[in-house]
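Trainee: Before we start, here is the structure in question, set down as structure tokens.
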Amino acid sequence: MRFSFLCMGLTAMIAGTTATAHERAVEFPDTADGSVVLAADLHTHSVFSDGEVWPSIRVKEAHLDGLQVLAVTEHLEHQPHKADMPHPDRNRSYEVAEEVRASSEFDLMVINGAEVTHDQPYGHINAIFLDDANALLVEEPKQAMEAAKAQGAFVFLNHPNWLPHMPDGIARLSSYHKELIAEGLLQGVEVANGTLDGHSEHALQIALDNNLTVLGTSDIHGLVDWTHDAGTGGHRPMTLVLARDASQAAFKQALFDGRTVAWSYDDLLGREENVKAVVDACLSLEAQPAQRNYTVISATIVNTCPVNFTLLNQSEETFQNTGDVLMVKRNAETPITVRTKTGEGRMALSFDVLNAQIGFRKALSTTLEAAIPAE
């Protein structure tokens, strides 16, 4: 059954449908301040570097996955397919992707980028919003960063916990990275990467300590559906960008402002204010009137987002129908019965959101409130 489903999905992608509706949209409510939540994958590869598919598949996958933004970020220096793909123009992959997007009329923003690829202490660094990726193909990595800045690019450090560079799996900044940050040449860091199949709490803390934008990416090389079970309950790692609107200018500004949350599996990672904005937009509490003279109140936690939440009750109130750990399923309602003091007034339940990380091994705390209706 799973194989048949994947085959049908791949057939639809390869057929190149021109429909503009997303088949599995990533839908998050606007946040309380009116920001829109844009789903973006800012690290991807095709056969123009070390990926396994043509750029057209990347565009069709992104549309199928309901993304609003896709960055094309081929390795500049690492070209393992060069015997078959000897294209000298490092912008060509983006041009192919944009041509496909335009002809398909997909509601998708495709942006040009590149991955500057070196061993430690330099590592792998992405630059997006490039006018010309060729200008970054230079011997000295810092010169590449300077060329990116001259084009107004947004630059971020890739997978700082990658085992070939960090055998203990702990993300660290080299003196070179610290120099780039000090000179305004590095603005973000990946805390979740699909090729690594995980996230780094150390990278999250690096982002917080150095005022870097938090990013989650797929770093996809193969097929998204096969790698991340997309369409059968899974999704690629991505970045949720809290922008003032859905324009490219607003999206780019939000990246520079650090208004992002990384989303990997059911984990949300980022600065406290951003993670809280997303979680509070997702979850709400509804209470029912008291029955008879009972002070135990029936209530519902409503989740309007495609994320399963794990909540740990930190309230004085306890629950009649469950323990203190609640599994709140995505796009669903979770019934609870709450032992209140009076059975009237307002109900305020405090939780640690165990899958929402705002620092090194630190979970987000939030409160859900609802008025208890009169009978």
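Lettering and numbering for the structure tokens are positional, with chains as A, B, ... in the shown order, residues counted from 1 in each chain, and ligands counted from 1 in the shown order.
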Determine which residues of range 212-370 of chain A DSSP labels as alpha helix (DSSP H) from the backbone of this structure, then write them out as an NGL selection string.

Mentor: :A and (224-228 or 248-257 or 272-282)

Trainee: I want to know what sits within 7 Å of range 30-42 of chain A, based on only C-alpha atoms, with residues of the same chain fewer than 6 positions away left out; could you give that as a compact mmCIF listing (two decimals) with N, CA, C and O atoms, in the first residue's frame?

Mentor:
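File out.txt, as written:
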# COMPACT_ATOMS: atom_id res chain seq x y z
N LEU A 67 4.91 24.03 0.16
CA LEU A 67 5.85 25.08 0.55
C LEU A 67 5.49 26.39 -0.13
O LEU A 67 4.94 26.42 -1.23
N GLN A 68 5.87 27.48 0.52
CA GLN A 68 5.74 28.79 -0.12
C GLN A 68 7.07 29.25 -0.73
O GLN A 68 7.07 30.07 -1.64
N VAL A 69 8.19 28.73 -0.22
CA VAL A 69 9.52 29.18 -0.68
C VAL A 69 10.44 27.98 -0.84
O VAL A 69 10.50 27.10 0.01
N LEU A 70 11.19 27.99 -1.95
CA LEU A 70 12.19 26.96 -2.22
C LEU A 70 13.48 27.65 -2.67
O LEU A 70 13.46 28.48 -3.58
N ALA A 71 14.60 27.32 -2.03
CA ALA A 71 15.90 27.84 -2.46
C ALA A 71 16.66 26.75 -3.19
O ALA A 71 16.67 25.60 -2.77
N THR A 217 16.23 22.77 7.48
CA THR A 217 16.26 22.52 6.04
C THR A 217 16.24 21.03 5.75
O THR A 217 16.59 20.21 6.61
N SER A 218 15.86 20.68 4.52
CA SER A 218 15.90 19.26 4.14
C SER A 218 17.29 18.85 3.68
O SER A 218 17.69 17.71 3.86
N MET A 238 11.91 21.90 7.67
CA MET A 238 11.74 23.19 6.99
C MET A 238 11.83 24.32 8.00
O MET A 238 11.89 24.11 9.21
N THR A 239 11.82 25.54 7.46
CA THR A 239 11.81 26.74 8.29
C THR A 239 10.46 27.43 8.18
O THR A 239 9.97 27.65 7.06
N LEU A 240 9.86 27.74 9.31
CA LEU A 240 8.64 28.55 9.35
C LEU A 240 9.07 29.99 9.56
O LEU A 240 9.70 30.31 10.56
N VAL A 241 8.74 30.84 8.59
CA VAL A 241 9.19 32.23 8.61
C VAL A 241 7.99 33.12 8.91
O VAL A 241 6.98 33.08 8.21
N LEU A 242 8.10 33.91 9.97
CA LEU A 242 7.02 34.80 10.40
C LEU A 242 7.23 36.16 9.74
O LEU A 242 8.01 36.99 10.20
N ALA A 243 6.51 36.38 8.64
CA ALA A 243 6.70 37.58 7.82
C ALA A 243 5.46 38.48 7.89
O ALA A 243 4.36 38.01 8.18
N ARG A 244 5.67 39.75 7.57
CA ARG A 244 4.54 40.68 7.64
C ARG A 244 3.53 40.40 6.53
O ARG A 244 2.34 40.72 6.65
N ASP A 245 3.98 39.81 5.41
CA ASP A 245 3.11 39.38 4.33
C ASP A 245 3.84 38.31 3.52
O ASP A 245 4.96 37.91 3.88
N ALA A 246 3.25 37.86 2.44
CA ALA A 246 3.80 36.74 1.68
C ALA A 246 4.73 37.18 0.55
O ALA A 246 5.09 36.36 -0.30
N ALA A 277 4.90 32.38 19.58
CA ALA A 277 3.93 32.95 18.65
C ALA A 277 3.27 31.86 17.80
O ALA A 277 2.06 31.88 17.57
N VAL A 278 4.07 30.90 17.35
CA VAL A 278 3.53 29.81 16.53
C VAL A 278 2.65 28.89 17.38
O VAL A 278 1.53 28.54 16.99
N ALA A 281 -0.63 30.37 18.33
CA ALA A 281 -1.54 30.44 17.19
C ALA A 281 -2.17 29.08 16.91
O ALA A 281 -3.28 28.99 16.38

Trainee: With a distance cut-off of 9 Å and only C-alpha atoms, select the neighbouring residues of Gly234 in chain A, excluding the residue or stretch itself and same-chain residues fewer than 6 positions from it, and output the selection as a list in words.

Mentor: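 Non-adjacent residues within range: Asp225, His228 and Tyr265 of chain A.
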
Trainee: I'd like the neighbourhood of range 107-110 of chain A as a list in words, where a residue qualifies if any of its atoms comes within 9 Å (using only C-alpha atoms), though same-chain residues fewer than 6 positions away should be ignored.

Mentor: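 That gives Thr20, Ala21, His22, Val59, Ala62, His63, Gly66, Leu67, Gln68, Val69, Leu70, Ala71, Val72, Tyr94, Ala97, Glu98, Arg101, Ser247 and Gln248 of chain A.
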
Trainee: Measuring atom to atom with only C-alpha atoms, identify which of A:Pro306, A:Gly113, A:Pro237, A:Gly222 is nearest to Ala332 in chain A.

Mentor: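 For Ala332 in chain A, the nearest of the candidates is A:Pro306.
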
Trainee: In terms of the shortest atom-to-atom distance over only C-alpha atoms, which of A:Ala135, A:Leu326, A:Ile111, A:Asp219 is closest to Ala249 in chain A?

Mentor: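 When distances to Ala249 in chain A are compared using only C-alpha atoms, the smallest one comes from A:Ile111.
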
Trainee: Between A:Thr310, A:Thr117, A:Pro373, A:Asn321, single out the one closest to Phe351 in chain A, counting only C-alpha atoms.

Mentor: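 Of A:Thr310, A:Thr117, A:Pro373, A:Asn321, the one nearest Phe351 in chain A, counting only C-alpha atoms, is A:Thr310.
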
Trainee: In Å, how far is it from CA of Lys60 in chain A to CA of Ala83 in chain A?

Mentor: 26.3 Å
